[in-house]
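Colleague: Provided herewith is a single structure, encoded as structure tokens, for subsequent inquiry.
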There are 2 protein chains.
Amino acid sequence: MRKEGAMVRWVRWAAAVAAVFLVGFVIGWFARPTSSPAQDEGTSSRYLRTLLDEMKPDNIRAHLRKFTRLPHLAGTKQNLVYAEQIKEEWLSFGLDSVEMVPYDVLLSYPNKSQPNYISIVDQLGNEVFNTSLAEPVPQGYEGVADIVPPYSAFSPKGQPEGELVYVNYGRTEDFFQLERQMGINVTGKIVIVRYGKVFRGNKVKNAMLAGAKGIIMFSDPADYSAVGVQPYPDGWNLPGGGAQRGNVLNLNGAGDPLTPGYPAKEYTYRSNPEDGVGLPKIPVHPIGYHDAMHLLRNMGGMIPPNNWKGALNVSYRIGPGFTDTFKTQKVRMNIHTNNQVTRIYNVIGRIRGAQEPDRYVILGGHRDAWVFGGIDPMSGAAVTHETVRSAGKLLSNGWRPRRTIIFASWDAEEFGLLGSTEWAEDNAKLLQERAVAYINADSAIEGMYTLRVDCTPSLHTLVYDLTKQIASPEEGEAGVSLYDSWHRRDNWTSDRDAPRISKLGSGSDFEAYFIRLGIAAGRARYTKNRKTERYSSYPVYHSVYETFEVVDKFYDPTFRRLQAVAQVRGGLVFKLADSQLLPLDANEYAGSLRKYALSIAQLAQTHLEEMKLYGVTFDALSSAVENFTVAARDFHVRLQTLDKADSLQVRMVNDQLMYLERAFIDPLGLPARPFYRHLIFAPSSHNKYAGESFPGIYDALFDIENSANQQQAWQEVKRQISIAAFTVHAAAMTLTQPA
Amino acid sequence: MRKEGAMVRWVRWAAAVAAVFLVGFVIGWFARPTSSPAQDEGTSSRYLRTLLDEMKPDNIRAHLRKFTRLPHLAGTKQNLVYAEQIKEEWLSFGLDSVEMVPYDVLLSYPNKSQPNYISIVDQLGNEVFNTSLAEPVPQGYEGVADIVPPYSAFSPKGQPEGELVYVNYGRTEDFFQLERQMGINVTGKIVIVRYGKVFRGNKVKNAMLAGAKGIIMFSDPADYSAVGVQPYPDGWNLPGGGAQRGNVLNLNGAGDPLTPGYPAKEYTYRSNPEDGVGLPKIPVHPIGYHDAMHLLRNMGGMIPPNNWKGALNVSYRIGPGFTDTFKTQKVRMNIHTNNQVTRIYNVIGRIRGAQEPDRYVILGGHRDAWVFGGIDPMSGAAVTHETVRSAGKLLSNGWRPRRTIIFASWDAEEFGLLGSTEWAEDNAKLLQERAVAYINADSAIEGMYTLRVDCTPSLHTLVYDLTKQIASPEEGEAGVSLYDSWHRRDNWTSDRDAPRISKLGSGSDFEAYFIRLGIAAGRARYTKNRKTERYSSYPVYHSVYETFEVVDKFYDPTFRRLQAVAQVRGGLVFKLADSQLLPLDANEYAGSLRKYALSIAQLAQTHLEEMKLYGVTFDALSSAVENFTVAARDFHVRLQTLDKADSLQVRMVNDQLMYLERAFIDPLGLPARPFYRHLIFAPSSHNKYAGESFPGIYDALFDIENSANQQQAWQEVKRQISIAAFTVHAAAMTLTQPA
């Protein structure tokens, strides 16, 4: 009995101990996290808020002031000095590493001892008029050395002499009109065109193809003055003595002309200068409107249609040559510019990702400027500088992003996106496998009206979500979000009740990342009112008048607009780098593809009969887009039941999102443009600045009117539709559940 | 006092309970696995053993018997019947899914009502001799319909008539010798060459470039008979009436000639037949040595050097034309073969990966045969069939691989690797992002001596490890491993004390996966003694005598050699799909690169003076290889301290290993060969069968002797060295620690 009692007690004891142990075990079991300790989304949101609030107008102003005191053209000492300064400051801000990455690329400079200019010469060959050799230096910069005079980079040397022909903007359609409707042949003539509408390199190519022996580009007040605004320094319009510098290459994404496809390192093979990609074969030179007046005012020939007339007090006669008493005068270009392989420097800074160091989010923009770069690019570089400083602050507060962030200060953008393209070529394999997104950081402001975003469709949703968390910088809009301010000013019209977002074109450093490598990309800046302000770009673009003051006095005196741009760019980078699930939206891509497929099919509708004759239909493309739409929808439905605690599952869907943009890349490239490989977005062959959707089909349709062999031209349209349809199908496959 | 005692007891109690709880908690905490419950390596090894033991000689024999009863040329009904049968059986073996994937590609068939043949015609045009219209049908197959007669697929139609010129093997060097040393021009002649040494398409291309108007290829006993072996059916030598079928394309990896770069689907744009990639422009026809005797025996012209002489009882005079009394006779080819877009079918089966369904390991081989396909390809298809059956058995035992396994039965390999290439084009995006490795499953046997493995260097270590776990199939080698048996028979000589492993060339379905997409690849088969057996391929190759019996009676009566090949191929697939860490070895790649870099530099040493003159050095390449070697070593050192319980860490290093092969791909391709993109391994332009290392440099050096402009030819060598050096550097970068 007693023994039994002891036994019972013992059993009770043991049971109690076991029960307590079990409770402990179970609690211990479930208390242990089963995946790596990811920052939760709430913490990440708080860090985002901290980042956005950390970026300050005064700091951006100070950065801009600091980096716009001296000219810093690519390949010059001063641009290296700024690079070293940026490197040191980024390190002091707390980045994990910052390195200088040099390349040796083909640049182009005027000959210092033999200036470029254009003359009117009489029949004896005497120069009766010469264009100016430089722009009047703005107040406060009088003593500054090394201001490069206006020139067209990569113009060949030469002194062509001949009659002038005026060809409006020098677009493909302008030359068509000149040749077909006006019956004027420019072979052996010198062409004069106004800047604007399309990339200047396209104008030069068109003039070459038409047979001209030289081309002069001028800034017409119709295109480079805002109504009711004074010329600089009293306002932000281009003075008559100002002119637009710029390269006149047709690189189509090749980067350094001598090393297409490969980084321009010391050991890299360089082609002969005459075989360089995209180099113009005829002399080119830019002038301001004071000089243009002199060349235009005595021109003869027919009166042009109204849409060929600018705002100068001349008749804009077409030519060829001068009128009446000036008949014997000719125009001579005197161009002595040299091409020269020159060392350039990118600055590359990194924050190592905590969980996925092998996933990269890139914020890149250029540092080189034609002169001071008050807007282009330093308004963007100042914004990036503040973003780096703020991210460094977060790091010191204990934050570390899930993925790696790369900050880049590119060199030689103005010479054909060279720094960014060479680095993309150097790192192509890594980027192709690991890059999540590229956010561009060129000029942060080109107007005083509202936000402008150009990005890949999968970023739409993130841009909207983010701008709702940012304040409007506009006076009198306290408490209004940037999203609402932007929406109010630039609604997407009938298509969609949301702020307008545009397609990416080219002309800045995202090109190699987006169009060659297929990395999701976007850019954001403050812009003008697209409905009321019709001038091209901003008036002082690429002139000596792009100073710190033009921003400080006119564009953004409070620096709150630049702050808002910093918050958008920085916020995008933060969300892309720190969200557990990538904030990319395949449904938005599907919606955009549907819109583009409709629109390209509509474009073809003007040729209904030929389409019937040659058996051209868009059915394959529509059905591919339909297929993609279903795949995208199903993908996002599956995301809703994803086990976010399973890090391998998360990685797999993130890989699908990351590689979605890559799926639109065709390694064979677009016809005759091997480095433009994105089949959904690329510039048309007729204007590098404008992004076209389905550019292969677009160009093939464009060529229909231009082709002697209609049968063959329509076969090319069919081929392009087939390739686009296949690519959209292939992209849809990448969204379906693996295996 | 009493109260205090109760308190003390209570405290003791509480402490004991807490302690027990704590022990439970701690044990519970540590007992919980922190990563997804991966199969451990021990379990995986046991499953591998089960898989290897499951594959049985008798089953392989039965599969081979079943699939070689009837001719099953690509595009024919019977090849679809076999496809459907394979699909049903793979499903019954337990694969998760099996689908038929059709493409519509350009094939080529003789005209049934107008047979192809070659005549000797007299001066009146009478046919005094005609080659045979078919091979004598082997015993046991007398009643079989649809045996396609020997022909050269994709030969154009035509009836060229002219004098014969004998050009040995028709290699580039043979034509050089003919033109430069013998001074013979083949313009307007018909060329006759013997089969062997290089891919037949290269012979045809050389003849075209030399100006010939037709080409005849014959099987010489010197190249298609083993010493002391009887012709089939008494032995495995080629009878005099047998001839080698085969396509004569120069596709360079393009796949379907009408849809280069894109899958040949219903909606796909097709180029005009005359613009098809790689189609020969002159008639081509193959004959056996009985027929060849008639054409060769009266030939006139010079006596050739000894290495131009085969084993027939003729003088092998070069021509042009016949001798003496036969002077007036000419040769006429009568070719009526048609090209025709035809539907083909791949069979694709899958086992979904348990942990990483988005990682693919592929075992693929073709099903289509010229006639019965006793060796080519059904010895391989039978082995694959047994592998699928055994993998299905494992699945039913509870196994599921970590990664997805894809089994493929390709169609139309014999017509230019069409089925495999179209599928690669169709799935390029997915494969580029997700494919871990491709194991090829063409003919499993071509000799009776030992194992032959051709693979990428990163697979060397796995091949060695695996073959140590497989038994030698050779009589009298009980207890000897396949590794030891192989090592004893084919040591890697001075380089290395291990069994020889060779480079991948082309000529089978791995081409698009390895050379275009950069997926680690390998192939394994049983082979002849390379030192003593000098005939090309195996004697009955592509003749009607490739029957079940040639394997069953001669090559592998016990089917243990095919079993060993099944174990190697299946074992490779198993290890690649089921190992937690990918069994790929970057150090082996480094070692191979070092060897190849030395060897290509040595090849150039014959031109020391020109190298000095044109400033050609291999320094950049050596230093890139050195860099790669260090990166590979460091990578594998880091692997040793990897936390294998962290599934994200494991995924990241596996991604680096998977993408290593991809890093050698250049989207721009090799010069004029846009679909050969692997810069380390590709066939030379002069022989598709042979894999060259650094093929861009190799071809550039080859062209030195051939080029009128030495300056330019050496510039191309420099360019290729620079590209190779860059690519090796880029590959090294992919192995360094991310961020």
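Labels for the structure tokens follow display order: chains A, B, ..., residues from 1 in each chain, ligands from 1.
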Using only C-alpha atoms, what does the table of segment 341-456 of chain B residues within 9 Å of segment 580-589 of chain B look like, with each row giving the shortest atom pair and its distance in Å to one decimal, sorted by chain and ascending number, as a Markdown table?
Modeller:
| residue | atom | partner | partner_atom | distance |
| --- | --- | --- | --- | --- |
| B:Arg402 | CA | B:Gln580 | CA | 7.4 |
| B:Val436 | CA | B:Leu582 | CA | 8.5 |
| B:Thr456 | CA | B:Tyr589 | CA | 7.8 |
Colleague: Please save N, CA and C atoms of the selected residues as a PDB file, in the first residue's frame.
Modeller:
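Final output, saved to again21.pdb:
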ATOM      1  N   ARG B 402      15.441  17.092 -55.782  1.00  0.00           N
ATOM      2  CA  ARG B 402      15.436  18.484 -55.350  1.00  0.00           C
ATOM      3  C   ARG B 402      15.032  19.406 -56.505  1.00  0.00           C
ATOM      4  N   VAL B 436      20.341  23.909 -65.283  1.00  0.00           N
ATOM      5  CA  VAL B 436      21.574  23.573 -64.566  1.00  0.00           C
ATOM      6  C   VAL B 436      22.525  22.798 -65.476  1.00  0.00           C
ATOM      7  N   THR B 456      31.826  19.489 -70.515  1.00  0.00           N
ATOM      8  CA  THR B 456      32.388  20.747 -70.049  1.00  0.00           C
ATOM      9  C   THR B 456      33.297  20.462 -68.848  1.00  0.00           C
TER      10      THR B 456
END
Colleague: What are the nearest atom pairs, with distances in Å to one decimal, for all residues of chain B that come at most 8 Å from chain A, using only C-alpha atoms, set out by chain and rising residue number as a tab-separated table?
Modeller:
residue	atom	partner	partner_atom	distance
B:Val17	CA	A:Val20	CA	6.6
B:Val20	CA	A:Phe21	CA	5.3
B:Phe21	CA	A:Gly24	CA	4.4
B:Leu22	CA	A:Gly24	CA	6.1
B:Val23	CA	A:Phe21	CA	6.7
B:Gly24	CA	A:Phe25	CA	4.1
B:Phe25	CA	A:Gly28	CA	4.0
B:Val26	CA	A:Gly28	CA	6.1
B:Ile27	CA	A:Phe25	CA	6.1
B:Gly28	CA	A:Phe25	CA	4.0
B:Trp29	CA	A:Gly28	CA	4.4
B:Phe30	CA	A:Trp29	CA	7.5
B:Ala31	CA	A:Trp29	CA	7.0
B:Arg32	CA	A:Trp29	CA	5.6
B:Pro33	CA	A:Thr34	CA	7.2
B:Thr34	CA	A:Thr34	CA	4.5
B:Ser35	CA	A:Thr34	CA	6.2
B:Ser36	CA	A:Asp646	CA	7.6
B:Gly261	CA	A:Leu668	CA	7.8
B:Tyr262	CA	A:Ile723	CA	7.5
B:Tyr267	CA	A:Ala620	CA	6.4
B:Thr268	CA	A:Ser722	CA	5.4
B:Tyr269	CA	A:Arg719	CA	5.2
B:Arg270	CA	A:Arg719	CA	7.8
B:Arg350	CA	A:Ala739	CA	7.4
B:Ile351	CA	A:Ala739	CA	7.8
B:Arg352	CA	A:Ala739	CA	5.5
B:Gly353	CA	A:Ala739	CA	7.4
B:Gln355	CA	A:Leu648	CA	7.9
B:Glu356	CA	A:Leu648	CA	7.8
B:Pro357	CA	A:Ala739	CA	5.5
B:Asp358	CA	A:Pro738	CA	5.0
B:Thr404	CA	A:Ala739	CA	6.4
B:Asp426	CA	A:Ala730	CA	7.2
B:Asn427	CA	A:Ala730	CA	7.0
B:Lys429	CA	A:Ala663	CA	6.0
B:Leu430	CA	A:Thr734	CA	6.2
B:Glu433	CA	A:Glu433	CA	7.8
B:Ala620	CA	A:Tyr267	CA	6.4
B:Asp646	CA	A:Ser36	CA	7.5
B:Ser647	CA	A:Leu648	CA	6.5
B:Leu648	CA	A:Leu648	CA	6.4
B:Arg651	CA	A:Leu648	CA	7.9
B:Met652	CA	A:Asp358	CA	7.2
B:Tyr659	CA	A:Glu433	CA	7.9
B:Ala663	CA	A:Lys429	CA	6.0
B:Pro667	CA	A:Pro667	CA	5.6
B:Leu668	CA	A:Pro667	CA	7.5
B:Pro674	CA	A:Leu668	CA	8.0
B:Lys718	CA	A:Tyr269	CA	6.7
B:Arg719	CA	A:Tyr269	CA	5.2
B:Ser722	CA	A:Thr268	CA	5.4
B:Ile723	CA	A:Tyr262	CA	7.5
B:Phe726	CA	A:Tyr262	CA	7.7
B:Ala730	CA	A:Lys429	CA	6.9
B:Ala731	CA	A:Lys429	CA	7.7
B:Met733	CA	A:Leu430	CA	7.7
B:Thr734	CA	A:Leu430	CA	6.2
B:Pro738	CA	A:Asp358	CA	5.0
B:Ala739	CA	A:Pro357	CA	5.4
Colleague: Could you find all residues in segment 641-685 of chain B that DSSP calls strand (DSSP E) from the backbone, and write them as a PyMOL selection string?
Modeller: chain B and resi 681-684
Colleague: Need to verify the contact set: Arg560 of chain A, 6 Å, only C-alpha atoms, exclusion of same-chain residues closer than 2 positions in sequence. Can you return it as a VMD selection string?
Modeller: chain A and resid 57 473 558 562 to 563
Colleague: Would you mind exporting the chosen residues as a compact mmCIF listing (two decimals), in the first residue's frame, restricted to N, CA and C atoms?
Modeller:
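Contents of selection.txt, as written:
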# COMPACT_ATOMS: atom_id res chain seq x y z
N PRO A 57 16.16 69.87 -48.67
CA PRO A 57 16.41 70.86 -49.73
C PRO A 57 17.74 71.59 -49.58
N PRO A 473 5.74 69.46 -53.58
CA PRO A 473 6.67 70.55 -53.27
C PRO A 473 6.09 71.91 -53.65
N THR A 558 13.35 77.10 -53.69
CA THR A 558 13.28 76.47 -52.36
C THR A 558 13.95 75.11 -52.34
N LEU A 562 13.45 69.64 -56.17
CA LEU A 562 14.53 68.65 -56.24
C LEU A 562 14.42 67.66 -55.08
N GLN A 563 13.99 68.15 -53.94
CA GLN A 563 13.77 67.24 -52.81
C GLN A 563 12.74 66.17 -53.17
Colleague: Using only C-alpha atoms, determine which residues lie at most 9 Å from segment 414-419 of chain A, disregarding the query and same-chain residues fewer than 6 positions distant; provide the list as a tab-separated table (two decimals) with N, CA and C atoms, in the first residue's frame.
Modeller:
chain	number	residue	atom	x	y	z
A	73	LEU	N	33.93	68.91	-68.14
A	73	LEU	CA	33.70	68.11	-69.33
A	73	LEU	C	34.34	66.73	-69.15
A	74	ALA	N	33.73	65.73	-69.74
A	74	ALA	CA	34.30	64.37	-69.67
A	74	ALA	C	35.73	64.37	-70.19
A	102	PRO	N	37.85	53.17	-64.40
A	102	PRO	CA	38.22	53.91	-65.60
A	102	PRO	C	38.00	53.13	-66.89
A	103	TYR	N	37.73	53.83	-67.96
A	103	TYR	CA	37.74	53.25	-69.31
A	103	TYR	C	38.42	54.24	-70.24
A	105	VAL	N	37.99	55.71	-73.77
A	105	VAL	CA	36.97	55.76	-74.83
A	105	VAL	C	37.26	56.90	-75.80
A	106	LEU	N	36.62	56.82	-76.96
A	106	LEU	CA	36.79	57.87	-77.95
A	106	LEU	C	35.97	59.10	-77.57
A	107	LEU	N	36.66	60.22	-77.31
A	107	LEU	CA	35.96	61.48	-77.07
A	107	LEU	C	36.31	62.43	-78.23
A	108	SER	N	35.81	63.64	-78.16
A	108	SER	CA	35.98	64.60	-79.26
A	108	SER	C	36.04	66.00	-78.69
A	153	ALA	N	30.11	67.33	-81.05
A	153	ALA	CA	31.14	66.35	-80.74
A	153	ALA	C	31.11	65.21	-81.75
A	154	PHE	N	32.31	64.83	-82.20
A	154	PHE	CA	32.54	63.77	-83.19
A	154	PHE	C	32.31	64.22	-84.63
A	246	GLY	N	26.56	69.26	-78.16
A	246	GLY	CA	26.01	67.91	-78.13
A	246	GLY	C	26.71	67.00	-79.10
A	247	ASN	N	26.67	65.70	-78.79
A	247	ASN	CA	27.29	64.75	-79.73
A	247	ASN	C	26.34	64.46	-80.86
A	248	VAL	N	26.91	64.11	-82.01
A	248	VAL	CA	26.09	63.86	-83.20
A	248	VAL	C	26.32	62.43	-83.72
A	249	LEU	N	26.47	61.52	-82.75
A	249	LEU	CA	26.69	60.11	-83.10
A	249	LEU	C	25.37	59.41	-83.41
A	250	ASN	N	25.47	58.31	-84.15
A	250	ASN	CA	24.36	57.36	-84.26
A	250	ASN	C	24.84	56.01	-83.75
A	251	LEU	N	24.97	55.92	-82.42
A	251	LEU	CA	25.55	54.73	-81.81
A	251	LEU	C	24.57	53.57	-81.70
A	253	GLY	N	23.23	52.50	-79.13
A	253	GLY	CA	23.51	51.70	-77.94
A	253	GLY	C	24.85	51.01	-77.91
A	254	ALA	N	25.74	51.33	-78.84
A	254	ALA	CA	27.02	50.60	-78.91
A	254	ALA	C	28.02	51.01	-77.85
A	255	GLY	N	27.83	52.18	-77.21
A	255	GLY	CA	28.87	52.67	-76.30
A	255	GLY	C	30.06	53.19	-77.08
A	256	ASP	N	31.25	53.12	-76.46
A	256	ASP	CA	32.48	53.60	-77.13
A	256	ASP	C	32.51	53.15	-78.58
A	257	PRO	N	32.64	54.11	-79.52
A	257	PRO	CA	32.57	53.76	-80.95
A	257	PRO	C	33.63	52.76	-81.40
A	344	ILE	N	38.26	58.02	-68.96
A	344	ILE	CA	37.10	58.53	-68.21
A	344	ILE	C	36.95	57.70	-66.94
A	345	TYR	N	36.18	58.21	-65.98
A	345	TYR	CA	36.07	57.58	-64.67
A	345	TYR	C	34.62	57.49	-64.20
A	346	ASN	N	34.16	56.29	-63.97
A	346	ASN	CA	32.90	56.12	-63.24
A	346	ASN	C	33.24	55.98	-61.76
A	366	HIS	N	24.85	60.63	-64.63
A	366	HIS	CA	26.17	61.07	-65.03
A	366	HIS	C	26.64	62.31	-64.27
A	368	ASP	N	29.59	64.11	-65.85
A	368	ASP	CA	30.23	64.99	-66.83
A	368	ASP	C	29.20	65.98	-67.36
A	369	ALA	N	29.66	67.21	-67.61
A	369	ALA	CA	28.77	68.28	-68.09
A	369	ALA	C	29.43	68.97	-69.28
A	370	TRP	N	28.62	69.58	-70.14
A	370	TRP	CA	29.21	70.35	-71.25
A	370	TRP	C	29.98	71.54	-70.71
A	507	GLY	N	18.63	58.42	-74.78
A	507	GLY	CA	19.23	59.71	-74.56
A	507	GLY	C	19.74	59.89	-73.16
A	508	SER	N	19.66	58.86	-72.34
A	508	SER	CA	20.34	58.94	-71.04
A	508	SER	C	20.83	57.55	-70.63
A	509	ASP	N	21.49	57.50	-69.47
A	509	ASP	CA	22.30	56.33	-69.12
A	509	ASP	C	21.55	55.04	-68.82
A	510	PHE	N	20.24	55.07	-68.74
A	510	PHE	CA	19.50	53.82	-68.54
A	510	PHE	C	19.55	52.94	-69.77
A	511	GLU	N	19.95	53.52	-70.91
A	511	GLU	CA	19.82	52.82	-72.19
A	511	GLU	C	20.40	51.41	-72.19
A	512	ALA	N	21.66	51.27	-71.84
A	512	ALA	CA	22.30	49.94	-71.90
A	512	ALA	C	21.62	48.97	-70.93
Colleague: As an mmCIF file with C-alpha atoms, in the first residue's frame, please: the residues near Phe635 of chain A (cut-off 7 Å, only C-alpha atoms, same-chain neighbours under 4 positions excluded).
Modeller:
data_model
loop_
_atom_site.group_PDB
_atom_site.id
_atom_site.type_symbol
_atom_site.label_atom_id
_atom_site.label_comp_id
_atom_site.auth_asym_id
_atom_site.auth_seq_id
_atom_site.Cartn_x
_atom_site.Cartn_y
_atom_site.Cartn_z
ATOM 1 C CA ALA A 631 -0.228 34.293 -67.177
ATOM 2 C CA LEU A 639 1.433 35.301 -54.999
ATOM 3 C CA LEU A 735 5.422 33.787 -65.381
ATOM 4 C CA THR A 736 3.833 30.355 -65.241
#
Colleague: Could you tell me, as a VMD selection string, which residues of segment 402-614 of chain B DSSP assigns to helix (DSSP H, G or I) when given the backbone?
Modeller: chain B and resid 413 to 415 418 to 426 428 to 434 457 to 467 482 to 489 493 to 495 511 to 516 548 to 555 560 to 578 586 to 614
Colleague: I want to know what sits within 7 Å of Ala382 of chain B, based on only C-alpha atoms, with residues of the same chain fewer than 6 positions away left out; could you give that as a PDB file with all heavy atoms, in the first residue's frame?
Modeller:
ATOM      1  N   ILE B  60      17.014  -2.895 -71.356  1.00  0.00           N
ATOM      2  CA  ILE B  60      17.559  -2.050 -72.431  1.00  0.00           C
ATOM      3  C   ILE B  60      17.452  -2.805 -73.754  1.00  0.00           C
ATOM      4  O   ILE B  60      17.052  -2.240 -74.785  1.00  0.00           O
ATOM      5  CB  ILE B  60      19.021  -1.659 -72.117  1.00  0.00           C
ATOM      6  CG1 ILE B  60      19.061  -0.789 -70.849  1.00  0.00           C
ATOM      7  CG2 ILE B  60      19.640  -0.925 -73.297  1.00  0.00           C
ATOM      8  CD1 ILE B  60      20.455  -0.508 -70.321  1.00  0.00           C
ATOM      9  N   HIS B  63      13.876  -2.640 -74.903  1.00  0.00           N
ATOM     10  CA  HIS B  63      13.538  -1.317 -75.442  1.00  0.00           C
ATOM     11  C   HIS B  63      14.121  -1.172 -76.850  1.00  0.00           C
ATOM     12  O   HIS B  63      13.467  -0.681 -77.761  1.00  0.00           O
ATOM     13  CB  HIS B  63      14.098  -0.193 -74.571  1.00  0.00           C
ATOM     14  CG  HIS B  63      13.653  -0.203 -73.135  1.00  0.00           C
ATOM     15  ND1 HIS B  63      12.368  -0.524 -72.762  1.00  0.00           N
ATOM     16  CD2 HIS B  63      14.324   0.087 -71.982  1.00  0.00           C
ATOM     17  CE1 HIS B  63      12.273  -0.438 -71.430  1.00  0.00           C
ATOM     18  NE2 HIS B  63      13.445  -0.080 -70.939  1.00  0.00           N
ATOM     19  N   LEU B  64      15.366  -1.590 -77.026  1.00  0.00           N
ATOM     20  CA  LEU B  64      16.023  -1.427 -78.321  1.00  0.00           C
ATOM     21  C   LEU B  64      15.302  -2.261 -79.377  1.00  0.00           C
ATOM     22  O   LEU B  64      15.047  -1.779 -80.490  1.00  0.00           O
ATOM     23  CB  LEU B  64      17.503  -1.830 -78.228  1.00  0.00           C
ATOM     24  CG  LEU B  64      18.314  -1.624 -79.510  1.00  0.00           C
ATOM     25  CD1 LEU B  64      18.413  -0.141 -79.869  1.00  0.00           C
ATOM     26  CD2 LEU B  64      19.718  -2.220 -79.376  1.00  0.00           C
TER      27      LEU B  64
END
Colleague: Can you list, as a PyMOL selection string, every protein, DNA or RNA residue that comes within 9 Å of Tyr438 of chain B when you count only C-alpha atoms, leaving out same-chain residues fewer than 5 positions away?
Modeller: chain B and resi 360-364+510+513-514+519-523+573
Colleague: Can you measure atom CA of Leu95 of chain A to atom CA of Ala391 of chain A for me? One decimal in Å is fine.
Modeller: 8.3 Å
